Amino acid sequence: MPIPLDVLDGAWSGQEVGRGVGASGVERLLSAIAEQALHHGAKAGLNALVEAAVGLTGTSGAALHEQELRIALRGQEPPAPARALAWQRFHEGRAVLVLGEPCRDPLLRQHLTRLTVLGDALLASLAREDAARAEQKRLRQERLRLVDQLAARERAWSRAAHDLRTPLLVLQGYVEMMMKGMAGELSPPMKRYLERMRQSAGDLNTRLQRRHRGEGPPAADGRPLLSAAFGPGRPCAARLELPEEPMRVRAPRMTLGLMVRALERLLTGAGASETVMRVDVPEGAQQWRLRVQAQLVRPPLPRAQASLERLARRAEGQVSVAQEDTGLELTVLLPRLPE
């Protein structure tokens, strides 16, 4: 991408091409190239670097090579690095800058050497970007493979669960028949064995039904998570008012833990103090309500608030934030798992 004209004008200030370029002008030029690479990638920074070399020297063209491989070109193509004259060629690390015409001015050669040093750093960045893209592609393919594998396992599990239900129901019926004495009187040890069989069969049937409905294991208590994150001695300690009954949320434990961490980051980033957290159940609602009141030094970070809201939606909940001056009142509603 071209370097902004105002930056180039600041570099050589309308003077004769290649003459009177001060140290500050070159610094601005290098900064402009680095900014292009930062915002648009290393490839854009390399193109801007070659354009800067043409603008500084007024040559007919310039190219940047990684050893013998051409990476960027501006204007007419100069000779290959192996055939270029000594005054046309600037080498630093893996970067080779070649001009269309020789440059004998010592000051310009010094500036071009600095450009070549930056070019070597940008080539390293380009290699890292290529490696990151390749890794992203690999991870995307790996994700698709895992999705297919998970779907195949789900189908296999459904078939296995279906095959297990029939003998399991037969076993439960037979145990019930034995417990009712339909097969004769049972001794106390036999009753204990049958009772153990009935409990095991019932637990297995419950697990199969829950797995068939797509439900996970019972939700964990949310109170220990809040106490661990906001209890005494923590950086964002709060006065906790928690219910006596377990705070069972209809959401995976991992999601609930991530929500507590997101809330902790939000309050810590805003410099919260005098924090009070209350957990209760609104009358007539099947939801847990977490109310947070705190004094803030600065507004909450939008990214932290967006992360908390995203996790709440994943748990089928919602977040509302009310802020007035330095006071914050945040409410989190989460689906309650019935007893």
# chains A, B, ... in the order shown; residues from 1 in each chain; ligands from 1

call {"tool": "closest_atom_pairs", "arguments": {"of": "stretch 125-233 of chain A", "to": "stretch 254-263 of chain A", "cutoff": "8 Å", "atoms": "only C-alpha atoms", "output": "Markdown table"}}
result
| residue | atom | partner | partner_atom | distance |
| --- | --- | --- | --- | --- |
| A:Gly222 | CA | A:Leu256 | CA | 7.4 |
| A:Leu225 | CA | A:Gly257 | CA | 6.7 |
| A:Leu226 | CA | A:Val260 | CA | 6.7 |
| A:Ala229 | CA | A:Val260 | CA | 7.2 |

call {"tool": "write_last_selection", "arguments": {"atoms": "N, CA and C atoms", "output": "PDB file, in the first residue's frame"}}
result
ATOM      1  N   GLY A 222     -22.729 -22.877  42.348  1.00  0.00           N
ATOM      2  CA  GLY A 222     -21.998 -21.678  41.952  1.00  0.00           C
ATOM      3  C   GLY A 222     -21.415 -20.898  43.105  1.00  0.00           C
ATOM      4  N   LEU A 225     -17.539 -20.966  43.431  1.00  0.00           N
ATOM      5  CA  LEU A 225     -16.874 -20.179  42.395  1.00  0.00           C
ATOM      6  C   LEU A 225     -16.840 -18.699  42.763  1.00  0.00           C
ATOM      7  N   LEU A 226     -17.965 -18.174  43.263  1.00  0.00           N
ATOM      8  CA  LEU A 226     -18.002 -16.770  43.667  1.00  0.00           C
ATOM      9  C   LEU A 226     -17.105 -16.524  44.874  1.00  0.00           C
ATOM     10  N   ALA A 229     -13.449 -16.388  43.822  1.00  0.00           N
ATOM     11  CA  ALA A 229     -13.053 -15.221  43.015  1.00  0.00           C
ATOM     12  C   ALA A 229     -13.166 -13.911  43.779  1.00  0.00           C
TER      13      ALA A 229
END

call {"tool": "residues_around", "arguments": {"residues": "A:Arg104", "least_positions_apart": "3", "cutoff": "8 Å", "atoms": "only C-alpha atoms", "output": "list in words"}}
result
Trp87, Leu108 and Arg109 of chain A

call {"tool": "residues_around", "arguments": {"residues": "stretch 62-69 of chain A", "least_positions_apart": "2", "cutoff": "7 Å", "atoms": "only C-alpha atoms", "output": "MDAnalysis selection string"}}
result
chainID A and resid 50 53:54 71:75 77:78 81 94:100

call {"tool": "write_last_selection", "arguments": {"atoms": "all heavy atoms", "output": "short mmCIF file (atom, residue, chain, number, x, y, z; two decimals), in the first residue's frame"}}
result
data_model
loop_
_atom_site.label_atom_id
_atom_site.label_comp_id
_atom_site.auth_asym_id
_atom_site.auth_seq_id
_atom_site.Cartn_x
_atom_site.Cartn_y
_atom_site.Cartn_z
N VAL A 50 9.80 -0.64 -0.49
CA VAL A 50 10.37 -0.54 -1.84
C VAL A 50 9.96 0.78 -2.47
O VAL A 50 10.77 1.44 -3.16
CB VAL A 50 9.92 -1.74 -2.69
CG1 VAL A 50 10.41 -1.59 -4.12
CG2 VAL A 50 10.46 -3.03 -2.09
N ALA A 53 12.18 3.44 -1.14
CA ALA A 53 13.52 3.42 -1.74
C ALA A 53 13.52 4.11 -3.10
O ALA A 53 14.45 4.87 -3.43
CB ALA A 53 13.99 1.96 -1.88
N VAL A 54 12.45 3.91 -3.89
CA VAL A 54 12.36 4.60 -5.19
C VAL A 54 12.20 6.08 -4.98
O VAL A 54 12.81 6.92 -5.67
CB VAL A 54 11.18 4.02 -6.00
CG1 VAL A 54 10.96 4.82 -7.27
CG2 VAL A 54 11.43 2.55 -6.34
N ILE A 71 10.41 -10.51 -3.47
CA ILE A 71 9.24 -10.37 -2.59
C ILE A 71 8.41 -9.15 -2.97
O ILE A 71 7.18 -9.20 -2.96
CB ILE A 71 9.68 -10.27 -1.11
CG1 ILE A 71 10.52 -11.47 -0.72
CG2 ILE A 71 8.47 -10.14 -0.20
CD1 ILE A 71 9.79 -12.79 -0.81
N ALA A 72 9.06 -8.02 -3.30
CA ALA A 72 8.33 -6.78 -3.61
C ALA A 72 9.06 -6.06 -4.73
O ALA A 72 10.29 -6.11 -4.85
CB ALA A 72 8.24 -5.89 -2.37
N LEU A 73 8.29 -5.36 -5.59
CA LEU A 73 8.84 -4.65 -6.75
C LEU A 73 8.10 -3.33 -6.91
O LEU A 73 6.88 -3.26 -6.74
CB LEU A 73 8.69 -5.51 -8.00
CG LEU A 73 9.05 -4.83 -9.34
CD1 LEU A 73 10.55 -4.53 -9.40
CD2 LEU A 73 8.63 -5.71 -10.51
N ARG A 74 8.86 -2.31 -7.29
CA ARG A 74 8.28 -1.00 -7.59
C ARG A 74 8.99 -0.44 -8.82
O ARG A 74 10.22 -0.39 -8.88
CB ARG A 74 8.47 -0.04 -6.41
CG ARG A 74 7.94 1.35 -6.64
CD ARG A 74 6.42 1.36 -6.71
NE ARG A 74 5.89 2.71 -6.81
CZ ARG A 74 4.61 3.01 -6.91
NH1 ARG A 74 3.71 2.02 -6.90
NH2 ARG A 74 4.19 4.26 -7.00
N GLY A 75 8.22 -0.02 -9.85
CA GLY A 75 8.82 0.52 -11.06
C GLY A 75 9.38 -0.58 -11.95
O GLY A 75 8.91 -1.72 -11.94
N GLU A 77 11.81 -3.43 -13.27
CA GLU A 77 12.48 -4.49 -12.54
C GLU A 77 14.00 -4.33 -12.65
O GLU A 77 14.55 -4.29 -13.75
CB GLU A 77 12.07 -5.86 -13.07
CG GLU A 77 12.66 -7.01 -12.28
CD GLU A 77 12.12 -8.35 -12.72
OE1 GLU A 77 11.29 -8.36 -13.67
OE2 GLU A 77 12.53 -9.37 -12.14
N PRO A 78 14.71 -4.23 -11.54
CA PRO A 78 16.18 -4.12 -11.58
C PRO A 78 16.82 -5.49 -11.81
O PRO A 78 16.13 -6.50 -11.84
CB PRO A 78 16.51 -3.57 -10.18
CG PRO A 78 15.42 -4.10 -9.32
CD PRO A 78 14.18 -4.16 -10.18
N PRO A 81 19.82 -10.01 -7.78
CA PRO A 81 20.90 -9.70 -6.82
C PRO A 81 22.26 -10.23 -7.25
O PRO A 81 23.28 -9.56 -7.03
CB PRO A 81 20.41 -10.38 -5.53
CG PRO A 81 18.93 -10.44 -5.66
CD PRO A 81 18.66 -10.63 -7.12
N ARG A 94 18.62 -11.73 5.59
CA ARG A 94 18.04 -12.41 4.43
C ARG A 94 17.50 -11.44 3.41
O ARG A 94 17.07 -11.84 2.32
CB ARG A 94 16.91 -13.35 4.88
CG ARG A 94 17.36 -14.44 5.85
CD ARG A 94 16.18 -15.30 6.29
NE ARG A 94 15.58 -15.98 5.16
CZ ARG A 94 15.97 -17.16 4.70
NH1 ARG A 94 16.99 -17.79 5.27
NH2 ARG A 94 15.36 -17.74 3.67
N ALA A 95 17.47 -10.15 3.74
CA ALA A 95 16.90 -9.14 2.84
C ALA A 95 17.98 -8.58 1.92
O ALA A 95 19.10 -8.27 2.35
CB ALA A 95 16.27 -8.01 3.65
N VAL A 96 17.64 -8.44 0.63
CA VAL A 96 18.53 -7.86 -0.37
C VAL A 96 17.72 -6.81 -1.13
O VAL A 96 16.74 -7.14 -1.80
CB VAL A 96 19.08 -8.91 -1.34
CG1 VAL A 96 20.04 -8.26 -2.34
CG2 VAL A 96 19.78 -10.04 -0.58
N LEU A 97 18.13 -5.54 -1.02
CA LEU A 97 17.47 -4.45 -1.73
C LEU A 97 18.31 -4.10 -2.95
O LEU A 97 19.51 -3.81 -2.84
CB LEU A 97 17.33 -3.22 -0.82
CG LEU A 97 16.70 -1.98 -1.44
CD1 LEU A 97 15.25 -2.25 -1.83
CD2 LEU A 97 16.77 -0.80 -0.47
N VAL A 98 17.69 -4.13 -4.14
CA VAL A 98 18.39 -3.87 -5.40
C VAL A 98 17.72 -2.68 -6.08
O VAL A 98 16.48 -2.66 -6.23
CB VAL A 98 18.36 -5.11 -6.32
CG1 VAL A 98 19.12 -4.82 -7.60
CG2 VAL A 98 18.94 -6.32 -5.61
N LEU A 99 18.55 -1.70 -6.52
CA LEU A 99 18.06 -0.51 -7.21
C LEU A 99 18.25 -0.67 -8.71
O LEU A 99 19.10 -1.45 -9.17
CB LEU A 99 18.79 0.74 -6.73
CG LEU A 99 18.74 1.03 -5.22
CD1 LEU A 99 19.54 2.30 -4.92
CD2 LEU A 99 17.31 1.17 -4.74
N GLY A 100 17.48 0.12 -9.45
CA GLY A 100 17.62 0.08 -10.90
C GLY A 100 18.93 0.69 -11.36
O GLY A 100 19.52 0.27 -12.36
#

call {"tool": "select_by_dssp", "arguments": {"residues": "stretch 96-256 of chain A", "states": "alpha helix (DSSP H)", "output": "number ranges by chain"}}
result
A: 106-179, 188-212, 223-230, 253-256

call {"tool": "residues_around", "arguments": {"residues": "A:Ala251", "least_positions_apart": "2", "cutoff": "12 Å", "atoms": "only C-alpha atoms", "output": "ChimeraX atom specification"}}
result
/A:215-222,247-249,253-259,287-288,311-317,334-337

call {"tool": "atom_distance", "arguments": {"atom1": "atom CA of A:Leu30", "atom2": "atom CA of A:Gly119"}}
result
10.3 Å

call {"tool": "atom_distance", "arguments": {"atom1": "atom CA of A:Glu244", "atom2": "atom CA of A:Val281"}}
result
11.9 Å

call {"tool": "atom_distance", "arguments": {"atom1": "atom CA of A:Gly327", "atom2": "atom CA of A:Leu267"}}
result
11.8 Å

call {"tool": "select_by_dssp", "arguments": {"residues": "stretch 16-67 of chain A", "states": "strand (DSSP E)", "output": "short mmCIF file (atom, residue, chain, number, x, y, z; two decimals) with N, CA, C and O atoms, in the first residue's frame"}}
result
data_model
loop_
_atom_site.label_atom_id
_atom_site.label_comp_id
_atom_site.auth_asym_id
_atom_site.auth_seq_id
_atom_site.Cartn_x
_atom_site.Cartn_y
_atom_site.Cartn_z
N GLY A 61 13.48 1.92 -10.64
CA GLY A 61 12.80 0.81 -10.03
C GLY A 61 13.62 0.23 -8.90
O GLY A 61 14.83 0.50 -8.78
N ALA A 62 12.97 -0.53 -8.05
CA ALA A 62 13.65 -1.18 -6.94
C ALA A 62 12.90 -2.45 -6.60
O ALA A 62 11.70 -2.57 -6.84
N ALA A 63 13.62 -3.41 -6.05
CA ALA A 63 13.04 -4.69 -5.68
C ALA A 63 13.69 -5.17 -4.39
O ALA A 63 14.87 -4.91 -4.14
N LEU A 64 12.90 -5.86 -3.58
CA LEU A 64 13.41 -6.46 -2.35
C LEU A 64 13.34 -7.97 -2.51
O LEU A 64 12.29 -8.52 -2.88
N HIS A 65 14.46 -8.62 -2.24
CA HIS A 65 14.55 -10.07 -2.39
C HIS A 65 14.83 -10.71 -1.04
O HIS A 65 15.47 -10.10 -0.17
N GLU A 66 14.33 -11.92 -0.89
CA GLU A 66 14.76 -12.76 0.22
C GLU A 66 15.73 -13.77 -0.38
O GLU A 66 15.32 -14.77 -0.97
#

call {"tool": "residues_around", "arguments": {"residues": "A:Arg198", "least_positions_apart": "6", "cutoff": "12 Å", "atoms": "only C-alpha atoms", "output": "list in words"}}
result
Leu168, Leu169, Val170, Leu171, Gln172, Gly173, Tyr174, Val175, Glu176, Met177, Met178, Met179, Lys191, Arg192, Leu204 and Asn205 of chain A

call {"tool": "closest_residue", "arguments": {"among": "A:Leu290, A:Val319, A:Val332, A:Leu240", "to": "A:Ala228", "atoms": "only C-alpha atoms"}}
result
A:Leu240

call {"tool": "residues_around", "arguments": {"residues": "A:Leu296", "least_positions_apart": "4", "cutoff": "6 Å", "atoms": "only C-alpha atoms", "output": "PDB file with all heavy atoms, in the first residue's frame"}}
result
ATOM      1  N   ALA A 270     -12.088  -1.965  36.058  1.00  0.00           N
ATOM      2  CA  ALA A 270     -12.735  -0.684  36.372  1.00  0.00           C
ATOM      3  C   ALA A 270     -12.304  -0.143  37.725  1.00  0.00           C
ATOM      4  O   ALA A 270     -12.774   0.927  38.131  1.00  0.00           O
ATOM      5  CB  ALA A 270     -14.250  -0.833  36.332  1.00  0.00           C
ATOM      6  N   GLY A 271     -11.414  -0.856  38.437  1.00  0.00           N
ATOM      7  CA  GLY A 271     -10.974  -0.393  39.749  1.00  0.00           C
ATOM      8  C   GLY A 271     -12.100  -0.379  40.768  1.00  0.00           C
ATOM      9  O   GLY A 271     -12.251   0.580  41.526  1.00  0.00           O
ATOM     10  N   ALA A 272     -12.887  -1.452  40.831  1.00  0.00           N
ATOM     11  CA  ALA A 272     -14.055  -1.498  41.702  1.00  0.00           C
ATOM     12  C   ALA A 272     -13.639  -1.559  43.172  1.00  0.00           C
ATOM     13  O   ALA A 272     -12.643  -2.177  43.539  1.00  0.00           O
ATOM     14  CB  ALA A 272     -14.924  -2.705  41.346  1.00  0.00           C
ATOM     15  N   THR A 326     -19.901   7.430  39.543  1.00  0.00           N
ATOM     16  CA  THR A 326     -18.899   6.394  39.818  1.00  0.00           C
ATOM     17  C   THR A 326     -19.528   5.121  40.363  1.00  0.00           C
ATOM     18  O   THR A 326     -18.808   4.215  40.757  1.00  0.00           O
ATOM     19  CB  THR A 326     -17.868   6.919  40.831  1.00  0.00           C
ATOM     20  OG1 THR A 326     -18.542   7.273  42.053  1.00  0.00           O
ATOM     21  CG2 THR A 326     -17.144   8.128  40.278  1.00  0.00           C
TER      22      THR A 326
END

call {"tool": "residues_around", "arguments": {"residues": "A:Ala127", "least_positions_apart": "3", "cutoff": "12 Å", "atoms": "only C-alpha atoms", "output": "PyMOL selection string"}}
result
chain A and resi 41-43+66+71+94+120-124+130-134

call {"tool": "write_last_selection", "arguments": {"atoms": "N, CA, C and O atoms", "output": "compact mmCIF listing (two decimals), in the first residue's frame"}}
result
# COMPACT_ATOMS: atom_id res chain seq x y z
N GLY A 41 -0.35 -5.75 7.44
CA GLY A 41 0.44 -6.94 7.26
C GLY A 41 1.84 -6.64 6.75
O GLY A 41 2.14 -5.56 6.22
N ALA A 42 2.74 -7.62 6.94
CA ALA A 42 4.14 -7.44 6.56
C ALA A 42 4.30 -7.23 5.06
O ALA A 42 5.19 -6.49 4.62
N LYS A 43 3.45 -7.87 4.24
CA LYS A 43 3.56 -7.71 2.79
C LYS A 43 3.33 -6.26 2.38
O LYS A 43 4.06 -5.71 1.54
N GLU A 66 14.33 -11.92 -0.89
CA GLU A 66 14.76 -12.76 0.22
C GLU A 66 15.73 -13.77 -0.38
O GLU A 66 15.32 -14.77 -0.97
N ILE A 71 10.41 -10.51 -3.47
CA ILE A 71 9.24 -10.37 -2.59
C ILE A 71 8.41 -9.15 -2.97
O ILE A 71 7.18 -9.20 -2.96
N ARG A 94 18.62 -11.73 5.59
CA ARG A 94 18.04 -12.41 4.43
C ARG A 94 17.50 -11.44 3.41
O ARG A 94 17.07 -11.84 2.32
N ASP A 120 14.60 -6.69 6.49
CA ASP A 120 14.92 -8.00 7.05
C ASP A 120 13.96 -8.34 8.19
O ASP A 120 13.49 -9.49 8.31
N ALA A 121 13.63 -7.34 9.03
CA ALA A 121 12.67 -7.59 10.11
C ALA A 121 11.28 -7.88 9.57
O ALA A 121 10.57 -8.75 10.08
N LEU A 122 10.91 -7.18 8.48
CA LEU A 122 9.59 -7.42 7.90
C LEU A 122 9.51 -8.80 7.24
O LEU A 122 8.45 -9.43 7.23
N LEU A 123 10.62 -9.26 6.68
CA LEU A 123 10.62 -10.61 6.11
C LEU A 123 10.41 -11.66 7.19
O LEU A 123 9.71 -12.66 6.98
N ALA A 124 11.01 -11.43 8.36
CA ALA A 124 10.77 -12.35 9.47
C ALA A 124 9.30 -12.32 9.90
O ALA A 124 8.70 -13.36 10.19
N ASP A 130 2.85 -16.12 7.52
CA ASP A 130 2.58 -17.30 6.69
C ASP A 130 2.44 -18.55 7.56
O ASP A 130 1.55 -19.38 7.32
N ALA A 131 3.29 -18.66 8.58
CA ALA A 131 3.19 -19.82 9.48
C ALA A 131 1.87 -19.80 10.25
O ALA A 131 1.24 -20.84 10.46
N ALA A 132 1.44 -18.58 10.67
CA ALA A 132 0.18 -18.48 11.41
C ALA A 132 -1.00 -18.84 10.52
O ALA A 132 -1.95 -19.51 10.97
N ARG A 133 -0.96 -18.40 9.25
CA ARG A 133 -2.06 -18.77 8.34
C ARG A 133 -2.09 -20.28 8.10
O ARG A 133 -3.17 -20.88 8.03
N ALA A 134 -0.91 -20.87 7.94
CA ALA A 134 -0.87 -22.32 7.74
C ALA A 134 -1.39 -23.05 8.97
O ALA A 134 -2.14 -24.04 8.85

call {"tool": "closest_residue", "arguments": {"among": "A:Asp105, A:Glu129, A:Ala237, A:Leu115", "to": "A:Leu49", "atoms": "only C-alpha atoms"}}
result
A:Leu115
